[in-house]
>>> print(open('model.txt').read())   # compact mmCIF, C-alpha atoms
# COMPACT_ATOMS: atom_id res chain seq x y z
CA MET A 1 34.93 11.58 -10.96
CA LYS A 2 34.07 8.29 -9.40
CA THR A 3 30.54 9.38 -8.46
CA ALA A 4 29.94 10.88 -11.89
CA LEU A 5 30.82 7.55 -13.44
CA SER A 6 28.44 5.75 -11.13
CA ALA A 7 25.66 8.16 -12.02
CA ALA A 8 26.32 7.50 -15.69
CA GLN A 9 26.17 3.78 -15.01
CA VAL A 10 22.79 4.23 -13.34
CA LEU A 11 21.52 5.91 -16.47
CA VAL A 12 22.85 3.07 -18.61
CA PHE A 13 20.89 0.61 -16.47
CA ALA A 14 17.78 2.72 -16.97
CA LEU A 15 18.29 2.64 -20.72
CA CYS A 16 18.88 -1.12 -20.59
CA SER A 17 15.57 -1.46 -18.77
CA ALA A 18 13.97 0.65 -21.47
CA ALA A 19 15.47 -1.54 -24.17
CA ALA A 20 14.26 -4.63 -22.33
CA LEU A 21 10.75 -3.25 -22.25
CA ALA A 22 10.79 -2.23 -25.89
CA ALA A 23 12.25 -5.53 -27.08
CA GLY A 24 9.32 -7.64 -25.85
CA ALA A 25 7.57 -8.93 -28.96
CA THR A 26 4.00 -9.81 -28.06
CA PRO A 27 3.79 -11.03 -24.48
CA ASN A 28 0.82 -13.13 -23.42
CA ASP A 29 -1.32 -12.18 -20.42
CA ALA A 30 0.68 -14.32 -17.98
CA GLN A 31 3.87 -12.64 -19.17
CA ILE A 32 2.29 -9.18 -18.99
CA ALA A 33 1.29 -9.93 -15.39
CA ALA A 34 4.92 -10.79 -14.55
CA ILE A 35 6.17 -7.62 -16.28
CA VAL A 36 3.68 -5.43 -14.37
CA VAL A 37 4.50 -6.96 -10.98
CA THR A 38 8.27 -6.79 -11.61
CA ALA A 39 8.17 -3.23 -12.94
CA ASN A 40 6.35 -2.10 -9.79
CA GLN A 41 8.59 -4.11 -7.46
CA VAL A 42 11.75 -2.65 -9.00
CA ASP A 43 10.49 0.85 -8.29
CA ILE A 44 9.42 -0.09 -4.75
CA ASP A 45 12.93 -1.43 -4.04
CA ALA A 46 14.61 1.72 -5.35
CA GLY A 47 12.10 3.90 -3.46
CA LYS A 48 12.75 2.14 -0.16
CA LEU A 49 16.49 2.60 -0.56
CA ALA A 50 16.05 6.26 -1.51
CA ALA A 51 13.68 6.99 1.39
CA ALA A 52 16.22 5.52 3.81
CA THR A 53 19.27 7.19 2.22
CA THR A 54 18.39 10.67 1.02
CA LYS A 55 18.78 13.76 3.17
CA SER A 56 16.56 15.77 0.85
CA GLU A 57 12.96 16.26 1.97
CA PRO A 58 11.52 16.53 -1.58
CA VAL A 59 13.41 13.39 -2.67
CA LYS A 60 12.12 11.51 0.40
CA THR A 61 8.55 12.64 -0.30
CA PHE A 62 8.87 11.37 -3.87
CA ALA A 63 10.46 8.07 -2.80
CA ASP A 64 7.74 7.46 -0.17
CA LEU A 65 5.10 8.14 -2.83
CA MET A 66 6.72 5.64 -5.20
CA VAL A 67 6.66 2.95 -2.50
CA LYS A 68 3.05 3.75 -1.58
CA ASP A 69 1.67 4.00 -5.13
CA HIS A 70 3.52 1.06 -6.68
CA THR A 71 2.66 -1.15 -3.69
CA SER A 72 -0.98 -0.26 -4.18
CA VAL A 73 -0.82 -0.96 -7.93
CA ASN A 74 0.81 -4.32 -7.27
CA GLN A 75 -1.92 -5.19 -4.78
CA SER A 76 -4.55 -4.53 -7.45
CA ALA A 77 -2.53 -6.45 -10.04
CA SER A 78 -2.11 -9.48 -7.78
CA ASP A 79 -5.81 -9.40 -6.82
CA LEU A 80 -6.68 -9.42 -10.52
CA VAL A 81 -4.36 -12.27 -11.51
CA THR A 82 -5.70 -14.33 -8.59
CA LYS A 83 -9.25 -13.65 -9.74
CA LEU A 84 -8.39 -14.52 -13.35
CA HIS A 85 -6.44 -17.64 -12.32
CA VAL A 86 -3.42 -16.36 -14.20
CA THR A 87 0.02 -17.33 -12.92
CA PRO A 88 2.55 -14.61 -13.76
CA GLU A 89 5.04 -16.13 -16.17
CA SER A 90 8.65 -15.00 -16.01
CA ASN A 91 10.00 -13.91 -19.40
CA PRO A 92 13.05 -12.11 -20.83
CA THR A 93 11.47 -8.67 -20.29
CA SER A 94 10.54 -9.29 -16.64
CA GLU A 95 13.92 -10.89 -15.96
CA SER A 96 15.78 -8.02 -17.55
CA LEU A 97 13.71 -5.54 -15.52
CA LYS A 98 14.58 -7.43 -12.36
CA SER A 99 18.32 -7.53 -13.08
CA GLY A 100 18.28 -3.87 -14.21
CA GLY A 101 16.53 -2.97 -10.95
CA ASP A 102 19.02 -4.95 -8.88
CA GLN A 103 21.93 -3.26 -10.67
CA ASN A 104 20.37 0.14 -10.11
CA VAL A 105 20.00 -0.51 -6.37
CA ALA A 106 23.57 -1.87 -6.14
CA SER A 107 24.90 1.16 -7.96
CA LEU A 108 22.88 3.61 -5.84
CA LYS A 109 24.18 2.00 -2.66
CA LYS A 110 27.68 3.23 -3.54
CA LEU A 111 26.50 6.84 -3.64
CA SER A 112 25.48 9.38 -1.03
CA GLY A 113 24.35 12.98 -0.70
CA ALA A 114 23.69 14.99 -3.85
CA ALA A 115 25.22 12.32 -6.12
CA PHE A 116 22.76 9.77 -4.74
CA ASP A 117 19.78 12.09 -5.16
CA LYS A 118 20.72 12.93 -8.73
CA ALA A 119 21.33 9.31 -9.73
CA TYR A 120 18.08 8.12 -8.12
CA VAL A 121 15.96 10.87 -9.66
CA ASP A 122 17.61 10.60 -13.11
CA HIS A 123 16.87 6.90 -13.07
CA GLU A 124 13.26 7.48 -12.00
CA VAL A 125 12.70 9.86 -14.92
CA ALA A 126 14.16 7.39 -17.44
CA TYR A 127 12.43 4.43 -15.84
CA HIS A 128 8.94 5.93 -15.76
CA GLN A 129 9.35 7.09 -19.35
CA ALA A 130 10.40 3.57 -20.36
CA VAL A 131 7.53 1.95 -18.46
CA LEU A 132 5.00 4.35 -20.00
CA ASP A 133 6.32 3.60 -23.49
CA ALA A 134 6.02 -0.13 -22.79
CA VAL A 135 2.49 0.27 -21.39
CA ASP A 136 1.40 2.19 -24.50
CA LYS A 137 3.26 0.34 -27.22
CA THR A 138 3.47 -3.23 -25.94
CA LEU A 139 1.44 -4.06 -22.86
CA ILE A 140 -1.95 -2.45 -23.60
CA PRO A 141 -1.97 -3.54 -27.28
CA SER A 142 -0.93 -7.10 -26.35
CA ALA A 143 -3.26 -7.70 -23.39
CA GLN A 144 -5.99 -10.18 -24.32
CA ASN A 145 -8.07 -10.21 -21.17
CA ALA A 146 -10.32 -7.12 -20.97
CA GLU A 147 -9.81 -6.68 -17.21
CA LEU A 148 -6.04 -6.87 -17.53
CA LYS A 149 -6.16 -4.32 -20.34
CA ALA A 150 -8.42 -2.10 -18.20
CA LEU A 151 -5.96 -2.29 -15.30
CA LEU A 152 -3.13 -1.13 -17.56
CA VAL A 153 -5.23 1.75 -18.87
CA LYS A 154 -6.22 2.69 -15.35
CA VAL A 155 -2.67 2.73 -14.01
CA ARG A 156 -1.38 5.01 -16.76
CA PRO A 157 -2.34 8.40 -15.23
CA ALA A 158 -0.44 7.56 -12.03
CA PHE A 159 2.72 6.77 -14.02
CA VAL A 160 2.33 10.01 -15.98
CA ALA A 161 2.03 11.91 -12.70
CA HIS A 162 5.13 10.15 -11.34
CA LEU A 163 7.10 11.05 -14.47
CA GLU A 164 6.10 14.71 -14.18
CA HIS A 165 6.92 14.71 -10.48
CA ALA A 166 10.34 13.13 -11.15
CA LYS A 167 11.09 15.67 -13.91
CA THR A 168 10.21 18.57 -11.61
CA LEU A 169 12.49 17.11 -8.96
CA GLN A 170 15.27 16.60 -11.52
CA ALA A 171 15.04 20.25 -12.59
CA SER A 172 15.13 21.50 -9.00
CA LEU A 173 18.15 19.32 -8.15
CA ALA A 174 19.97 20.58 -11.26
CA GLY A 175 19.28 24.15 -10.18
CA LYS A 176 21.17 23.60 -6.93
CA HIS A 177 24.52 22.95 -8.57
CA MET B 1 -17.57 12.00 -6.08
CA LYS B 2 -15.23 9.74 -7.91
CA LEU B 3 -11.44 9.76 -7.88
CA SER B 4 -10.42 8.36 -11.19
CA GLY B 5 -7.49 8.85 -13.53
CA LEU B 6 -5.92 11.11 -10.92
CA ARG B 7 -8.84 13.53 -11.08
CA PHE B 8 -11.73 14.42 -8.83
CA GLU B 9 -14.99 13.95 -10.74
CA PRO B 10 -16.81 16.26 -10.79
CA GLN B 11 -14.06 18.78 -10.24
CA SER B 12 -16.54 21.15 -8.59
CA LEU B 13 -19.56 20.07 -6.57
CA THR B 14 -22.26 22.18 -4.96
CA VAL B 15 -24.16 20.76 -1.97
CA HIS B 16 -26.26 21.92 0.97
CA VAL B 17 -25.33 22.01 4.64
CA GLY B 18 -26.12 18.58 6.08
CA ASP B 19 -25.51 16.71 2.78
CA ARG B 20 -23.34 13.63 2.87
CA ILE B 21 -20.63 13.53 0.23
CA GLN B 22 -18.83 10.34 -0.61
CA TRP B 23 -15.46 10.19 -2.34
CA LEU B 24 -14.91 6.84 -4.05
CA ASN B 25 -11.33 6.07 -5.02
CA ASP B 26 -11.61 4.27 -8.34
CA ASP B 27 -7.85 4.63 -8.98
CA LEU B 28 -5.15 2.05 -8.28
CA VAL B 29 -3.22 4.30 -5.91
CA PRO B 30 -4.16 5.86 -2.55
CA HIS B 31 -5.49 9.43 -2.52
CA THR B 32 -6.72 11.98 -0.01
CA ALA B 33 -9.26 14.78 -0.14
CA THR B 34 -7.58 17.47 1.94
CA ALA B 35 -9.05 20.97 2.24
CA ALA B 36 -6.60 23.83 1.71
CA ASP B 37 -7.89 25.47 4.91
CA GLN B 38 -7.70 22.13 6.79
CA SER B 39 -11.47 22.15 7.40
CA PHE B 40 -11.61 18.54 6.26
CA ASP B 41 -9.09 15.82 5.53
CA SER B 42 -10.01 12.31 4.49
CA GLY B 43 -6.66 10.76 5.34
CA ASP B 44 -5.64 7.92 3.03
CA ILE B 45 -8.43 6.55 0.86
CA ALA B 46 -7.05 3.25 -0.43
CA ALA B 47 -7.72 2.04 -3.97
CA GLY B 48 -11.33 0.87 -4.20
CA GLN B 49 -12.28 2.44 -0.85
CA SER B 50 -14.42 5.47 -0.11
CA TRP B 51 -14.68 8.26 2.42
CA THR B 52 -17.84 10.03 3.50
CA PHE B 53 -18.02 13.56 4.81
CA VAL B 54 -21.04 15.51 6.07
CA ALA B 55 -20.89 19.20 5.12
CA ARG B 56 -21.58 21.17 8.31
CA LYS B 57 -20.30 24.59 7.34
CA ALA B 58 -21.30 26.79 4.40
CA GLY B 59 -18.55 28.12 2.20
CA THR B 60 -16.27 27.34 -0.71
CA PHE B 61 -13.63 24.76 0.00
CA ASP B 62 -10.73 24.11 -2.33
CA TYR B 63 -9.13 20.78 -1.73
CA ALA B 64 -6.43 18.54 -3.20
CA CYS B 65 -4.86 15.13 -2.86
CA ARG B 66 -1.92 15.39 -0.47
CA TYR B 67 0.11 12.90 -2.52
CA HIS B 68 -0.80 14.08 -6.01
CA PRO B 69 -1.14 17.85 -5.64
CA MET B 70 -2.15 18.30 -9.27
CA MET B 71 -5.45 16.65 -8.29
CA THR B 72 -7.62 19.53 -7.16
CA GLY B 73 -11.32 19.95 -6.48
CA ARG B 74 -13.79 22.45 -5.09
CA LEU B 75 -16.68 21.83 -2.73
CA ILE B 76 -19.28 24.58 -2.50
CA VAL B 77 -21.61 24.30 0.49
CA HIS B 78 -24.76 26.44 0.61
>>> encode(input="model.txt", output="structure tokens")
Amino acid sequence: MKTALSAAQVLVFALCSAAALAAGATPNDAQIAAIVVTANQVDIDAGKLAAATTKSEPVKTFADLMVKDHTSVNQSASDLVTKLHVTPESNPTSESLKSGGDQNVASLKKLSGAAFDKAYVDHEVAYHQAVLDAVDKTLIPSAQNAELKALLVKVRPAFVAHLEHAKTLQASLAGKH
Amino acid sequence: MKLSGLRFEPQSLTVHVGDRIQWLNDDLVPHTATAADQSFDSGDIAAGQSWTFVARKAGTFDYACRYHPMMTGRLIVH
């Protein structure tokens, strides 16, 4: 019962992250930059923990991909903000993403085995859905700089692919129980 | 060849033996061009980087990105 509760808590954190992303009114470009970098970093942190913890080969493959892809996206994002002379500006959305990510990692660390895999993958599904919603509804419409907007548009297909991958994994994990 | 939006563009390409084919990764994430029959494998092509391959053998080669298996392409070498 204890692990089930923890898994539920993980999901709550994911939904909090989603709410944080949706609540952002109209962020400026410096704030968008901070949101993008934080959103990627949160998923890198969770991915590193999952890659080191899981015993499941498909979960490890997914976690390694998250680390690889989100690290690459963050490299492009940081190259762009350097070029544009934009300093990422911390804001309630980026801070909430960071604390939600930290809570997720702390909660996952208490789990192991199948409970860990389920909690990690459930969170990844909710998180990528939340990030995609934010990209579509808030970040792309709010971005003023054309190159920043283009980066957000360009990153979208990768996040869609991650969401589909996570959903497939979620279904296969559910089938095992 | 361009890798963009998690797609190979064009999805199918016909070339001649001896032609050089370049895959340019215009995405923000690393990709590979890996033949199903293992006859070629780019290894990681980082965002913004490219990989060049000289077609030495005639045939039809289906390939995919190792990391994003929904990304598929076909190289036809005459």
>>> interface_residues(input="model.txt", of="chain A", to="chain B", cutoff="8 Å", atoms="all atoms listed in the file", output="number ranges by chain")
A: 65, 68-70, 72-73, 76, 154-158, 161
>>> axis_aligned_box(input="model.txt", around="segment 33-45 of chain B", padding_each_side="6 Å", output="JSON")
{"center_x": -8.6, "center_y": 16.0, "center_z": 3.6, "size_x": 18.0, "size_y": 30.9, "size_z": 19.5}
>>> residues_around(input="model.txt", residues="Ala50 of chain A", least_positions_apart="3", cutoff="9 Å", atoms="all atoms listed in the file", output="PDB file with C-alpha atoms, in the frame of the given file")
ATOM      1  CA  ASP A  45      12.930  -1.430  -4.040  1.00  0.00           C
ATOM      2  CA  ALA A  46      14.610   1.720  -5.350  1.00  0.00           C
ATOM      3  CA  GLY A  47      12.100   3.900  -3.460  1.00  0.00           C
ATOM      4  CA  THR A  53      19.270   7.190   2.220  1.00  0.00           C
ATOM      5  CA  THR A  54      18.390  10.670   1.020  1.00  0.00           C
ATOM      6  CA  VAL A  59      13.410  13.390  -2.670  1.00  0.00           C
ATOM      7  CA  LYS A  60      12.120  11.510   0.400  1.00  0.00           C
ATOM      8  CA  ALA A  63      10.460   8.070  -2.800  1.00  0.00           C
ATOM      9  CA  ASP A  64       7.740   7.460  -0.170  1.00  0.00           C
ATOM     10  CA  LEU A 108      22.880   3.610  -5.840  1.00  0.00           C
ATOM     11  CA  PHE A 116      22.760   9.770  -4.740  1.00  0.00           C
ATOM     12  CA  ASP A 117      19.780  12.090  -5.160  1.00  0.00           C
ATOM     13  CA  TYR A 120      18.080   8.120  -8.120  1.00  0.00           C
TER      14      TYR A 120
END
>>> atom_distance(input="model.txt", atom1="atom CA of Ala126 of chain A", atom2="atom CA of Val37 of chain A")
18.5 Å
>>> closest_residue(input="model.txt", among="A:Lys110, A:Asn91, A:Leu169, A:Glu147", to="Thr26 of chain A", atoms="all atoms listed in the file")
A:Asn91
>>> closest_residue(input="model.txt", among="B:Ile45, B:Leu24, B:Val17, B:Ala35", to="Arg74 of chain B", atoms="only C-alpha atoms")
B:Ala35
>>> closest_residue(input="model.txt", among="B:Met1, B:Ala33, B:Gly43, B:Leu13", to="Ile76 of chain B", atoms="all atoms listed in the file")
B:Leu13
>>> residues_near_point(input="model.txt", point="(-17.7, 21.3, -1.5)", cutoff="12 Å", atoms="all atoms listed in the file", output="NGL selection string")
:B and (1 or 8 or 10-23 or 33-36 or 39-40 or 53-64 or 72-78)
>>> atom_distance(input="model.txt", atom1="atom CA of Lys109 of chain A", atom2="atom CA of His123 of chain A")
13.6 Å
>>> closest_residue(input="model.txt", among="A:Leu49, A:Ala114, A:Ala119, A:Leu148", to="Val81 of chain A", atoms="only C-alpha atoms")
A:Leu148
>>> residues_near_point(input="model.txt", point="(5.0, 6.8, -15.0)", cutoff="6 Å", atoms="all atoms listed in the file", output="list of chain:residue names")
A:His128, A:Leu132, A:Phe159, A:Val160, A:His162, A:Leu163
>>> atom_distance(input="model.txt", atom1="atom CA of Cys65 of chain B", atom2="atom CA of Ala130 of chain A")
25.9 Å
>>> residues_around(input="model.txt", residues="Ser142 of chain A", least_positions_apart="3", cutoff="9 Å", atoms="only C-alpha atoms", output="ChimeraX atom specification")
/A:26-29,32,137-139,149
>>> closest_residue(input="model.txt", among="A:Ser112, A:Ile44, A:Leu151, A:Ala146", to="Glu124 of chain A", atoms="all atoms listed in the file")
A:Ile44
>>> decode(input="model.txt", residues="chain B", atoms="C-alpha atoms", output="CSV table (one decimal), in the first residue's frame")
chain,number,residue,atom,x,y,z
B,1,MET,CA,19.1,14.0,-47.1
B,2,LYS,CA,17.7,16.0,-44.3
B,3,LEU,CA,16.7,14.8,-40.8
B,4,SER,CA,14.0,17.2,-39.7
B,5,GLY,CA,11.0,16.9,-37.5
B,6,LEU,CA,11.9,13.3,-36.7
B,7,ARG,CA,11.6,12.4,-40.4
B,8,PHE,CA,14.1,11.5,-43.1
B,9,GLU,CA,13.5,13.8,-46.1
B,10,PRO,CA,13.1,12.5,-48.7
B,11,GLN,CA,11.8,9.3,-47.2
B,12,SER,CA,13.0,7.4,-50.2
B,13,LEU,CA,16.0,8.3,-52.3
B,14,THR,CA,17.4,6.6,-55.4
B,15,VAL,CA,21.1,7.0,-56.2
B,16,HIS,CA,23.8,5.3,-58.3
B,17,VAL,CA,26.7,3.1,-57.1
B,18,GLY,CA,29.5,5.5,-56.3
B,19,ASP,CA,27.2,8.4,-55.3
B,20,ARG,CA,27.9,10.2,-52.0
B,21,ILE,CA,24.9,10.7,-49.8
B,22,GLN,CA,24.9,13.1,-47.0
B,23,TRP,CA,22.5,13.0,-44.1
B,24,LEU,CA,22.2,16.4,-42.4
B,25,ASN,CA,20.6,16.4,-38.9
B,26,ASP,CA,18.5,19.5,-38.8
B,27,ASP,CA,16.7,18.3,-35.6
B,28,LEU,CA,17.6,19.3,-32.0
B,29,VAL,CA,18.2,15.7,-30.9
B,30,PRO,CA,20.8,13.1,-32.1
B,31,HIS,CA,19.8,10.6,-34.7
B,32,THR,CA,21.3,7.7,-36.6
B,33,ALA,CA,20.8,6.2,-40.1
B,34,THR,CA,21.0,2.5,-39.5
B,35,ALA,CA,20.3,0.0,-42.2
B,36,ALA,CA,18.0,-2.9,-41.2
B,37,ASP,CA,20.5,-5.4,-42.8
B,38,GLN,CA,23.5,-3.6,-41.0
B,39,SER,CA,25.1,-2.7,-44.3
B,40,PHE,CA,25.5,0.9,-43.1
B,41,ASP,CA,25.3,2.6,-39.8
B,42,SER,CA,26.0,6.3,-39.3
B,43,GLY,CA,26.4,6.1,-35.5
B,44,ASP,CA,25.3,9.2,-33.7
B,45,ILE,CA,24.7,12.2,-35.8
B,46,ALA,CA,24.5,15.1,-33.4
B,47,ALA,CA,22.1,18.0,-33.9
B,48,GLY,CA,23.4,20.2,-36.7
B,49,GLN,CA,25.9,17.7,-37.8
B,50,SER,CA,26.0,15.5,-40.9
B,51,TRP,CA,27.2,12.1,-42.0
B,52,THR,CA,28.3,11.1,-45.5
B,53,PHE,CA,28.1,7.7,-47.0
B,54,VAL,CA,29.3,6.4,-50.4
B,55,ALA,CA,26.9,3.8,-51.9
B,56,ARG,CA,29.1,0.9,-53.0
B,57,LYS,CA,26.6,-1.9,-53.3
B,58,ALA,CA,23.4,-1.9,-55.5
B,59,GLY,CA,20.2,-2.8,-53.8
B,60,THR,CA,17.3,-1.5,-51.7
B,61,PHE,CA,18.2,-0.6,-48.2
B,62,ASP,CA,15.6,0.1,-45.5
B,63,TYR,CA,17.0,2.1,-42.6
B,64,ALA,CA,15.8,3.7,-39.4
B,65,CYS,CA,17.0,5.9,-36.6
B,66,ARG,CA,18.2,3.6,-33.8
B,67,TYR,CA,16.8,5.9,-31.1
B,68,HIS,CA,13.5,6.9,-32.8
B,69,PRO,CA,12.4,3.8,-34.6
B,70,MET,CA,9.4,5.5,-36.1
B,71,MET,CA,11.8,7.4,-38.3
B,72,THR,CA,12.3,5.2,-41.3
B,73,GLY,CA,13.8,5.7,-44.8
B,74,ARG,CA,14.7,3.8,-47.9
B,75,LEU,CA,17.8,4.1,-50.0
B,76,ILE,CA,17.7,2.5,-53.5
B,77,VAL,CA,21.1,2.1,-55.1
B,78,HIS,CA,21.2,1.3,-58.9
